[in-house]
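structure-v9.pdb follows (PDB, C-alpha atoms):
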MODEL        1
ATOM      1  CA  MET A 264     346.447 -30.178 106.247  1.00  0.00           C
ATOM      2  CA  THR A 265     346.565 -31.771 109.689  1.00  0.00           C
ATOM      3  CA  SER A 266     344.019 -30.995 112.385  1.00  0.00           C
ATOM      4  CA  ASP A 267     346.649 -28.992 114.292  1.00  0.00           C
ATOM      5  CA  ILE A 268     346.839 -25.644 112.533  1.00  0.00           C
ATOM      6  CA  TYR A 269     350.027 -24.827 114.461  1.00  0.00           C
ATOM      7  CA  ASP A 270     351.866 -27.898 113.197  1.00  0.00           C
ATOM      8  CA  ARG A 271     355.069 -26.822 111.445  1.00  0.00           C
ATOM      9  CA  ASN A 272     354.301 -28.647 108.217  1.00  0.00           C
ATOM     10  CA  SER A 273     350.755 -27.276 108.141  1.00  0.00           C
ATOM     11  CA  VAL A 274     351.976 -23.698 108.416  1.00  0.00           C
ATOM     12  CA  ILE A 275     354.683 -24.220 105.791  1.00  0.00           C
ATOM     13  CA  GLY A 276     352.156 -25.749 103.401  1.00  0.00           C
ATOM     14  CA  LEU A 277     349.696 -22.911 103.972  1.00  0.00           C
ATOM     15  CA  PHE A 278     352.199 -20.180 103.175  1.00  0.00           C
ATOM     16  CA  ASP A 279     353.672 -22.100 100.262  1.00  0.00           C
ATOM     17  CA  ARG A 280     350.214 -22.234  98.716  1.00  0.00           C
ATOM     18  CA  MET A 281     349.503 -18.561  99.412  1.00  0.00           C
ATOM     19  CA  SER A 282     352.853 -17.289  98.185  1.00  0.00           C
ATOM     20  CA  ARG A 283     351.551 -16.068  94.800  1.00  0.00           C
ATOM     21  CA  SER A 284     349.086 -13.613  96.314  1.00  0.00           C
ATOM     22  CA  TYR A 285     350.164 -13.112  99.932  1.00  0.00           C
ATOM     23  CA  GLU A 286     351.694  -9.660  99.576  1.00  0.00           C
ATOM     24  CA  ARG A 287     348.508  -8.237  98.013  1.00  0.00           C
ATOM     25  CA  MET A 288     346.293 -10.104 100.448  1.00  0.00           C
ATOM     26  CA  ASN A 289     348.246  -8.862 103.446  1.00  0.00           C
ATOM     27  CA  ILE A 290     347.366  -5.317 102.423  1.00  0.00           C
ATOM     28  CA  ILE A 291     343.697  -6.299 102.138  1.00  0.00           C
ATOM     29  CA  LEU A 292     343.761  -8.236 105.415  1.00  0.00           C
ATOM     30  CA  SER A 293     345.059  -5.172 107.281  1.00  0.00           C
ATOM     31  CA  PHE A 294     342.683  -2.685 105.585  1.00  0.00           C
ATOM     32  CA  GLY A 295     345.674  -1.244 103.749  1.00  0.00           C
ATOM     33  CA  PHE A 296     347.522  -0.472 106.994  1.00  0.00           C
ATOM     34  CA  SER A 297     350.142  -3.223 106.629  1.00  0.00           C
ATOM     35  CA  THR A 298     352.881  -0.924 105.321  1.00  0.00           C
ATOM     36  CA  LEU A 299     352.183   1.737 107.948  1.00  0.00           C
ATOM     37  CA  TRP A 300     352.271  -0.803 110.765  1.00  0.00           C
ATOM     38  CA  ARG A 301     355.513  -2.299 109.458  1.00  0.00           C
ATOM     39  CA  ARG A 302     357.024   1.178 109.446  1.00  0.00           C
ATOM     40  CA  GLN A 303     355.813   1.895 112.977  1.00  0.00           C
ATOM     41  CA  ALA A 304     357.296  -1.401 114.184  1.00  0.00           C
ATOM     42  CA  ALA A 305     360.630  -0.601 112.510  1.00  0.00           C
ATOM     43  CA  GLN A 306     360.681   2.765 114.275  1.00  0.00           C
ATOM     44  CA  MET A 307     360.541   0.915 117.611  1.00  0.00           C
ATOM     45  CA  LEU A 308     363.976  -0.571 116.930  1.00  0.00           C
ATOM     46  CA  HIS A 309     367.108   1.147 118.186  1.00  0.00           C
ATOM     47  CA  SER A 310     370.842   0.599 117.852  1.00  0.00           C
ATOM     48  CA  ASN A 311     373.915   2.644 118.598  1.00  0.00           C
ATOM     49  CA  LYS A 312     375.693   1.107 115.612  1.00  0.00           C
ATOM     50  CA  THR A 313     375.867   2.769 112.211  1.00  0.00           C
ATOM     51  CA  ALA A 314     375.588  -0.596 110.443  1.00  0.00           C
ATOM     52  CA  PRO A 315     373.705  -2.918 112.802  1.00  0.00           C
ATOM     53  CA  ASP A 316     373.087  -6.587 112.085  1.00  0.00           C
ATOM     54  CA  VAL A 317     369.298  -6.837 111.701  1.00  0.00           C
ATOM     55  CA  LEU A 318     367.183  -9.982 111.386  1.00  0.00           C
ATOM     56  CA  ASP A 319     363.831  -9.981 109.597  1.00  0.00           C
ATOM     57  CA  ALA A 320     362.180 -12.970 111.297  1.00  0.00           C
ATOM     58  CA  MET A 321     359.336 -14.880 109.592  1.00  0.00           C
ATOM     59  CA  SER A 322     360.244 -12.664 106.674  1.00  0.00           C
ATOM     60  CA  GLY A 323     357.785 -13.916 104.060  1.00  0.00           C
ATOM     61  CA  MET A 324     358.700 -12.427 100.708  1.00  0.00           C
ATOM     62  CA  GLY A 325     360.854  -9.650 102.144  1.00  0.00           C
ATOM     63  CA  GLU A 326     358.087  -7.075 102.403  1.00  0.00           C
ATOM     64  CA  THR A 327     359.682  -5.563 105.535  1.00  0.00           C
ATOM     65  CA  TRP A 328     363.185  -4.985 104.150  1.00  0.00           C
ATOM     66  CA  ALA A 329     362.452  -1.517 102.818  1.00  0.00           C
ATOM     67  CA  GLU A 330     361.361  -0.394 106.283  1.00  0.00           C
ATOM     68  CA  ILE A 331     364.501  -1.867 107.852  1.00  0.00           C
ATOM     69  CA  TYR A 332     366.703   0.070 105.439  1.00  0.00           C
ATOM     70  CA  ARG A 333     364.593   3.181 106.002  1.00  0.00           C
ATOM     71  CA  ARG A 334     365.321   2.841 109.732  1.00  0.00           C
ATOM     72  CA  PHE A 335     368.970   1.782 109.358  1.00  0.00           C
ATOM     73  CA  PRO A 336     370.261   2.735 105.868  1.00  0.00           C
ATOM     74  CA  LYS A 337     373.586   0.906 106.351  1.00  0.00           C
ATOM     75  CA  ALA A 338     372.155  -2.164 108.078  1.00  0.00           C
ATOM     76  CA  LYS A 339     373.451  -5.651 107.392  1.00  0.00           C
ATOM     77  CA  VAL A 340     370.130  -7.425 106.937  1.00  0.00           C
ATOM     78  CA  SER A 341     369.413 -11.144 107.222  1.00  0.00           C
ATOM     79  CA  SER A 342     366.028 -12.774 106.727  1.00  0.00           C
ATOM     80  CA  LEU A 343     364.588 -16.033 108.016  1.00  0.00           C
ATOM     81  CA  ASP A 344     361.491 -17.920 106.871  1.00  0.00           C
ATOM     82  CA  PHE A 345     360.639 -21.617 106.689  1.00  0.00           C
ATOM     83  CA  SER A 346     358.334 -21.530 103.655  1.00  0.00           C
ATOM     84  CA  PRO A 347     360.421 -22.499 100.607  1.00  0.00           C
ATOM     85  CA  ALA A 348     357.980 -20.783  98.240  1.00  0.00           C
ATOM     86  CA  MET A 349     358.071 -17.539 100.232  1.00  0.00           C
ATOM     87  CA  VAL A 350     361.868 -17.704 100.389  1.00  0.00           C
ATOM     88  CA  ALA A 351     362.056 -18.220  96.627  1.00  0.00           C
ATOM     89  CA  HIS A 352     360.007 -15.044  96.112  1.00  0.00           C
ATOM     90  CA  SER A 353     362.194 -13.179  98.608  1.00  0.00           C
ATOM     91  CA  LYS A 354     365.344 -14.185  96.741  1.00  0.00           C
ATOM     92  CA  THR A 355     363.883 -12.698  93.566  1.00  0.00           C
ATOM     93  CA  ARG A 356     363.025  -9.481  95.446  1.00  0.00           C
ATOM     94  CA  ASN A 357     366.522  -9.430  96.918  1.00  0.00           C
ATOM     95  CA  GLU A 358     368.140  -9.645  93.492  1.00  0.00           C
ATOM     96  CA  LYS A 359     365.841  -7.188  91.712  1.00  0.00           C
ATOM     97  CA  ARG A 360     365.304  -4.525  94.377  1.00  0.00           C
ATOM     98  CA  PHE A 361     368.112  -4.828  96.912  1.00  0.00           C
ATOM     99  CA  ALA A 362     371.160  -5.769  94.818  1.00  0.00           C
ATOM    100  CA  SER A 363     371.355  -9.082  96.715  1.00  0.00           C
ATOM    101  CA  GLN A 364     372.356  -7.239  99.914  1.00  0.00           C
ATOM    102  CA  VAL A 365     370.126  -9.366 102.155  1.00  0.00           C
ATOM    103  CA  THR A 366     371.374 -12.713 103.478  1.00  0.00           C
ATOM    104  CA  VAL A 367     368.391 -15.039 103.039  1.00  0.00           C
ATOM    105  CA  HIS A 368     367.890 -18.133 105.205  1.00  0.00           C
ATOM    106  CA  CYS A 369     365.253 -20.857 104.792  1.00  0.00           C
ATOM    107  CA  ASP A 370     364.885 -22.145 108.345  1.00  0.00           C
ATOM    108  CA  ASP A 371     362.467 -22.461 111.266  1.00  0.00           C
ATOM    109  CA  MET A 372     362.473 -19.509 113.664  1.00  0.00           C
ATOM    110  CA  LEU A 373     361.762 -21.825 116.602  1.00  0.00           C
ATOM    111  CA  GLU A 374     364.854 -23.938 115.995  1.00  0.00           C
ATOM    112  CA  SER A 375     367.094 -22.045 113.618  1.00  0.00           C
ATOM    113  CA  ARG A 376     370.754 -22.747 113.032  1.00  0.00           C
ATOM    114  CA  LEU A 377     371.681 -19.081 113.388  1.00  0.00           C
ATOM    115  CA  PRO A 378     374.377 -18.596 116.056  1.00  0.00           C
ATOM    116  CA  ASP A 379     373.813 -17.070 119.480  1.00  0.00           C
ATOM    117  CA  ALA A 380     374.038 -13.296 119.931  1.00  0.00           C
ATOM    118  CA  SER A 381     374.165 -12.619 116.180  1.00  0.00           C
ATOM    119  CA  PHE A 382     371.961  -9.524 115.875  1.00  0.00           C
ATOM    120  CA  ASP A 383     371.644  -5.951 117.102  1.00  0.00           C
ATOM    121  CA  ALA A 384     367.945  -5.753 116.172  1.00  0.00           C
ATOM    122  CA  LEU A 385     365.126  -8.104 115.171  1.00  0.00           C
ATOM    123  CA  LEU A 386     361.945  -7.138 113.331  1.00  0.00           C
ATOM    124  CA  SER A 387     358.996  -9.343 112.410  1.00  0.00           C
ATOM    125  CA  ALA A 388     355.662  -8.571 110.764  1.00  0.00           C
ATOM    126  CA  TYR A 389     352.510 -10.697 110.831  1.00  0.00           C
ATOM    127  CA  GLY A 390     353.998 -13.997 112.011  1.00  0.00           C
ATOM    128  CA  LEU A 391     352.922 -14.112 115.660  1.00  0.00           C
ATOM    129  CA  LYS A 392     349.426 -15.424 114.909  1.00  0.00           C
ATOM    130  CA  THR A 393     350.832 -18.723 113.606  1.00  0.00           C
ATOM    131  CA  PHE A 394     352.202 -19.653 117.064  1.00  0.00           C
ATOM    132  CA  ASN A 395     350.182 -21.095 119.923  1.00  0.00           C
ATOM    133  CA  GLU A 396     350.951 -20.213 123.544  1.00  0.00           C
ATOM    134  CA  GLU A 397     353.624 -22.879 124.017  1.00  0.00           C
ATOM    135  CA  GLN A 398     355.329 -21.987 120.743  1.00  0.00           C
ATOM    136  CA  SER A 399     355.210 -18.300 121.685  1.00  0.00           C
ATOM    137  CA  ALA A 400     357.289 -19.042 124.779  1.00  0.00           C
ATOM    138  CA  VAL A 401     359.834 -20.882 122.591  1.00  0.00           C
ATOM    139  CA  LEU A 402     359.838 -17.914 120.207  1.00  0.00           C
ATOM    140  CA  ALA A 403     360.652 -15.509 123.051  1.00  0.00           C
ATOM    141  CA  THR A 404     363.534 -17.781 124.108  1.00  0.00           C
ATOM    142  CA  GLU A 405     364.884 -17.807 120.553  1.00  0.00           C
ATOM    143  CA  VAL A 406     364.645 -14.028 120.292  1.00  0.00           C
ATOM    144  CA  ALA A 407     366.659 -13.713 123.507  1.00  0.00           C
ATOM    145  CA  ARG A 408     369.209 -16.228 122.183  1.00  0.00           C
ATOM    146  CA  LEU A 409     369.714 -14.503 118.843  1.00  0.00           C
ATOM    147  CA  LEU A 410     370.008 -10.945 120.161  1.00  0.00           C
ATOM    148  CA  ARG A 411     373.117  -9.367 121.614  1.00  0.00           C
ATOM    149  CA  PRO A 412     372.813  -7.746 125.041  1.00  0.00           C
ATOM    150  CA  GLY A 413     371.163  -4.344 124.633  1.00  0.00           C
ATOM    151  CA  ALA A 414     369.713  -5.247 121.234  1.00  0.00           C
ATOM    152  CA  SER A 415     366.133  -4.342 120.342  1.00  0.00           C
ATOM    153  CA  PHE A 416     363.207  -6.278 118.900  1.00  0.00           C
ATOM    154  CA  ALA A 417     359.770  -5.438 117.508  1.00  0.00           C
ATOM    155  CA  PHE A 418     356.873  -7.577 116.281  1.00  0.00           C
ATOM    156  CA  ILE A 419     353.636  -6.368 114.694  1.00  0.00           C
ATOM    157  CA  GLU A 420     350.502  -8.470 114.243  1.00  0.00           C
ATOM    158  CA  VAL A 421     346.870  -7.993 113.218  1.00  0.00           C
ATOM    159  CA  THR A 422     344.455  -8.567 116.128  1.00  0.00           C
ATOM    160  CA  GLU A 423     340.747  -8.637 116.896  1.00  0.00           C
ATOM    161  CA  PRO A 424     339.532  -5.227 118.134  1.00  0.00           C
ATOM    162  CA  PRO A 425     337.915  -5.155 121.605  1.00  0.00           C
ATOM    163  CA  ASN A 426     334.903  -3.038 120.595  1.00  0.00           C
ATOM    164  CA  PRO A 427     332.056  -5.541 119.916  1.00  0.00           C
ATOM    165  CA  VAL A 428     330.618  -3.660 116.955  1.00  0.00           C
ATOM    166  CA  LEU A 429     333.994  -3.131 115.328  1.00  0.00           C
ATOM    167  CA  ARG A 430     334.929  -6.754 116.091  1.00  0.00           C
ATOM    168  CA  ALA A 431     331.729  -8.064 114.454  1.00  0.00           C
ATOM    169  CA  LEU A 432     332.397  -6.014 111.316  1.00  0.00           C
ATOM    170  CA  TYR A 433     336.011  -7.123 111.316  1.00  0.00           C
ATOM    171  CA  LEU A 434     335.137 -10.815 111.630  1.00  0.00           C
ATOM    172  CA  PHE A 435     332.592 -10.520 108.826  1.00  0.00           C
ATOM    173  CA  TYR A 436     335.281  -8.905 106.719  1.00  0.00           C
ATOM    174  CA  LEU A 437     337.739 -11.735 107.452  1.00  0.00           C
ATOM    175  CA  ARG A 438     335.233 -14.547 106.949  1.00  0.00           C
ATOM    176  CA  THR A 439     333.565 -13.215 103.807  1.00  0.00           C
ATOM    177  CA  VAL A 440     335.367 -10.377 102.063  1.00  0.00           C
ATOM    178  CA  VAL A 441     338.966 -11.585 102.394  1.00  0.00           C
ATOM    179  CA  PRO A 442     338.315 -15.094 100.941  1.00  0.00           C
ATOM    180  CA  ALA A 443     336.252 -13.564  98.124  1.00  0.00           C
ATOM    181  CA  VAL A 444     339.057 -11.189  97.213  1.00  0.00           C
ATOM    182  CA  GLY A 445     341.486 -14.095  97.511  1.00  0.00           C
ATOM    183  CA  LEU A 446     339.465 -15.894  94.842  1.00  0.00           C
ATOM    184  CA  LEU A 447     339.732 -12.851  92.575  1.00  0.00           C
ATOM    185  CA  CYS A 448     343.484 -12.954  93.117  1.00  0.00           C
ATOM    186  CA  ILE A 449     343.428 -16.453  91.557  1.00  0.00           C
ATOM    187  CA  THR A 450     344.023 -18.404  94.728  1.00  0.00           C
ATOM    188  CA  ASP A 451     342.041 -20.778  96.900  1.00  0.00           C
ATOM    189  CA  PRO A 452     339.791 -18.819  99.314  1.00  0.00           C
ATOM    190  CA  THR A 453     340.088 -21.733 101.758  1.00  0.00           C
ATOM    191  CA  GLU A 454     343.632 -20.641 102.528  1.00  0.00           C
ATOM    192  CA  TYR A 455     342.484 -17.180 103.542  1.00  0.00           C
ATOM    193  CA  ARG A 456     339.736 -18.613 105.701  1.00  0.00           C
ATOM    194  CA  MET A 457     342.587 -20.309 107.552  1.00  0.00           C
ATOM    195  CA  LEU A 458     344.036 -16.887 108.301  1.00  0.00           C
ATOM    196  CA  HIS A 459     340.722 -16.042 109.929  1.00  0.00           C
ATOM    197  CA  ARG A 460     341.112 -19.110 112.155  1.00  0.00           C
ATOM    198  CA  TYR A 461     344.582 -18.013 113.213  1.00  0.00           C
ATOM    199  CA  LEU A 462     343.445 -14.465 113.914  1.00  0.00           C
ATOM    200  CA  HIS A 463     340.370 -15.571 115.846  1.00  0.00           C
ATOM    201  CA  ASN A 464     342.516 -17.852 118.026  1.00  0.00           C
ATOM    202  CA  TYR A 465     345.079 -15.089 118.449  1.00  0.00           C
ATOM    203  CA  GLY A 466     342.486 -12.604 119.717  1.00  0.00           C
ATOM    204  CA  ASP A 467     344.057  -9.453 121.107  1.00  0.00           C
ATOM    205  CA  GLY A 468     347.563 -10.901 121.138  1.00  0.00           C
ATOM    206  CA  SER A 469     347.791 -11.013 124.925  1.00  0.00           C
ATOM    207  CA  TYR A 470     349.386 -14.459 125.037  1.00  0.00           C
ATOM    208  CA  SER A 471     352.273 -13.249 122.864  1.00  0.00           C
ATOM    209  CA  VAL A 472     352.797 -10.330 125.233  1.00  0.00           C
ATOM    210  CA  ALA A 473     352.689 -12.692 128.230  1.00  0.00           C
ATOM    211  CA  ALA A 474     355.226 -15.057 126.648  1.00  0.00           C
ATOM    212  CA  PHE A 475     357.722 -12.254 126.021  1.00  0.00           C
ATOM    213  CA  GLU A 476     357.135 -10.660 129.425  1.00  0.00           C
ATOM    214  CA  ALA A 477     357.780 -14.023 131.106  1.00  0.00           C
ATOM    215  CA  ASN A 478     361.258 -14.280 129.573  1.00  0.00           C
ATOM    216  CA  PRO A 479     363.756 -12.800 132.074  1.00  0.00           C
ATOM    217  CA  LEU A 480     366.193 -11.829 129.315  1.00  0.00           C
ATOM    218  CA  LEU A 481     363.697  -9.575 127.554  1.00  0.00           C
ATOM    219  CA  GLU A 482     362.391  -6.202 128.679  1.00  0.00           C
ATOM    220  CA  THR A 483     359.027  -6.162 126.914  1.00  0.00           C
ATOM    221  CA  HIS A 484     356.414  -3.553 126.055  1.00  0.00           C
ATOM    222  CA  SER A 485     353.287  -3.683 123.919  1.00  0.00           C
ATOM    223  CA  LYS A 486     351.102  -1.203 122.093  1.00  0.00           C
ATOM    224  CA  SER A 487     347.680  -1.363 120.475  1.00  0.00           C
ATOM    225  CA  HIS A 488     347.193   0.190 117.027  1.00  0.00           C
ATOM    226  CA  PHE A 489     344.081   1.535 115.257  1.00  0.00           C
ATOM    227  CA  PHE A 490     341.436   0.766 117.899  1.00  0.00           C
ATOM    228  CA  GLY A 491     342.903  -2.656 118.633  1.00  0.00           C
ATOM    229  CA  CYS A 492     343.151  -3.919 115.033  1.00  0.00           C
ATOM    230  CA  ALA A 493     346.865  -4.574 115.493  1.00  0.00           C
ATOM    231  CA  ARG A 494     349.347  -4.980 118.331  1.00  0.00           C
ATOM    232  CA  SER A 495     353.084  -4.475 118.563  1.00  0.00           C
ATOM    233  CA  VAL A 496     355.304  -6.372 121.001  1.00  0.00           C
ATOM    234  CA  TYR A 497     358.698  -4.736 121.368  1.00  0.00           C
ATOM    235  CA  GLY A 498     361.569  -4.208 123.723  1.00  0.00           C
ATOM    236  CA  THR A 499     365.208  -4.865 124.540  1.00  0.00           C
ATOM    237  CA  ARG A 500     367.420  -7.839 125.280  1.00  0.00           C
ATOM    238  CA  VAL A 501     368.700  -7.123 128.800  1.00  0.00           C
ATOM    239  CA  THR A 502     372.439  -6.675 129.312  1.00  0.00           C
ATOM    240  CA  ALA A 503     372.762  -8.713 132.540  1.00  0.00           C
ATOM    241  CA  GLU A 504     371.818 -12.403 132.761  1.00  0.00           C
TER     242      GLU A 504
ENDMDL
END

Take the structure I supplied and represent it as structure tokens, if you would.
Amino acid sequence: MTSDIYDRNSVIGLFDRMSRSYERMNIILSFGFSTLWRRQAAQMLHSNKTAPDVLDAMSGMGETWAEIYRRFPKAKVSSLDFSPAMVAHSKTRNEKRFASQVTVHCDDMLESRLPDASFDALLSAYGLKTFNEEQSAVLATEVARLLRPGASFAFIEVTEPPNPVLRALYLFYLRTVVPAVGLLCITDPTEYRMLHRYLHNYGDGSYSVAAFEANPLLETHSKSHFFGCARSVYGTRVTAE
């Protein structure tokens, strides 16, 4: 792994290596709240279409698809992730659980080949922490490019809580408990220590909020969840340029 943890190849390699255990570990990493937070983020989406085109961005293994279909039962869902191993797992999930309804793309969210104004809604869970401030601004630009005017978006990410006591307990949990459980899940605990590095750098998620708020094509809001242990960034692609 290179010294730059935000390097594209570093992030791809990390998630490729974690792909066997990532779904279980995501539940552990979020204290079991990962499914609830995904559902809350999905509820922030809106569309006046019966069958909206919805993109699951940084889709991992497709863990968010059930919440998209819960929100929009007739949605036409596409997913995008740049980890080949994660995408391989998502294709298996797509075939076994979703009758191959989802259109799966292996591509980089920051420079995807998806056409402009393709989607009525965009949802993403637990990918924001892998972007630095500069990349976050590029991400906001890509979200604006991919969404149709009036379309909605929602991101959810784990964050460091502001309360010092809760934050200290949380950091101990990330540094010690999560890697230990990762080892029990037959994976390298080093990979899950890397997640701690991303989360520590990400802090309260304010730079993601700032990046989206700075984009003139996005009307952006944010919300803290569970005493600051997660943050959602959501809003609408404006109709006038």

| Selection under test: the PyMOL selection byres ((chain A and resi 475) around 9); residues as a ChimeraX atom specification | /A:399-400,402-404,470-474,476-479,481-484,496-497

| Distance of atom CA of Pro347 of chain A from atom CA of Asn272 of chain A, expressed in Å to one decimal place | 11.5 Å

With 5 Å added on each side, what axis-aligned box encloses every listed atom of segment 352-371 of chain A? Give the centre and edge lengths in Å to one decimal, as JSON.
{"center_x": 366.2, "center_y": -13.5, "center_z": 101.5, "size_x": 22.3, "size_y": 27.9, "size_z": 29.6}

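Between Leu377 of chain A and the candidates A:Cys492, A:Leu432, A:Leu409, A:Met307, the tightest atom-to-atom separation, counting only C-alpha atoms, involves A:Leu409.
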
| field | Explicit residues for the PyMOL selection byres ((chain A and resi 378-392) around 7) (as a count of residues only) | value | 31

| request: One decimal, Å: what's the distance from atom CA of Asp344 of chain A over to atom CA of Cys369 of chain A, could you say? | output: 5.2 Å

On this file, the PyMOL selection byres ((chain A and resi 361) around 12) gives some set of residues; write that set as a short mmCIF file (atom, residue, chain, number, x, y, z; two decimals) with C-alpha atoms, in the frame of the given file.
data_model
loop_
_atom_site.label_atom_id
_atom_site.label_comp_id
_atom_site.auth_asym_id
_atom_site.auth_seq_id
_atom_site.Cartn_x
_atom_site.Cartn_y
_atom_site.Cartn_z
CA GLY A 325 360.85 -9.65 102.14
CA GLU A 326 358.09 -7.08 102.40
CA TRP A 328 363.18 -4.99 104.15
CA ALA A 329 362.45 -1.52 102.82
CA ILE A 331 364.50 -1.87 107.85
CA TYR A 332 366.70 0.07 105.44
CA PRO A 336 370.26 2.74 105.87
CA LYS A 339 373.45 -5.65 107.39
CA VAL A 340 370.13 -7.42 106.94
CA SER A 353 362.19 -13.18 98.61
CA LYS A 354 365.34 -14.18 96.74
CA THR A 355 363.88 -12.70 93.57
CA ARG A 356 363.02 -9.48 95.45
CA ASN A 357 366.52 -9.43 96.92
CA GLU A 358 368.14 -9.64 93.49
CA LYS A 359 365.84 -7.19 91.71
CA ARG A 360 365.30 -4.53 94.38
CA ALA A 362 371.16 -5.77 94.82
CA SER A 363 371.36 -9.08 96.72
CA GLN A 364 372.36 -7.24 99.91
CA VAL A 365 370.13 -9.37 102.16
CA THR A 366 371.37 -12.71 103.48
CA VAL A 367 368.39 -15.04 103.04
#

| request: To one decimal in Å, tell me the separation between atom CA of Leu480 of chain A and atom CA of Val501 of chain A. | output: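 Straight-line distance from atom CA of Leu480 of chain A to atom CA of Val501 of chain A works out to 5.4 Å.
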
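The residue that comes closest to Ser342 of chain A, out of A:Ser297, A:Asn311, A:Ser375, A:Gln398 and on the basis of only C-alpha atoms, is A:Ser375.
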
| query | Counting only C-alpha atoms, which of A:Glu423, A:Asp371, A:Glu330, A:Glu397 gets nearest to His459 of chain A? | reply |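 Closest to His459 of chain A of all the choices is A:Glu423.
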
| field | Nearest candidate to Arg430 of chain A (options A:His463, A:Met372, A:Glu405, A:Val350; using all atoms listed in the file) | value |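 Going through A:His463, A:Met372, A:Glu405, A:Val350 one by one, the smallest distance to Arg430 of chain A is for A:His463.
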
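Proximity ranking of A:Gly323, A:Val274, A:Ala351, A:Arg334 relative to Gln303 of chain A places A:Arg334 first, based on only C-alpha atoms.
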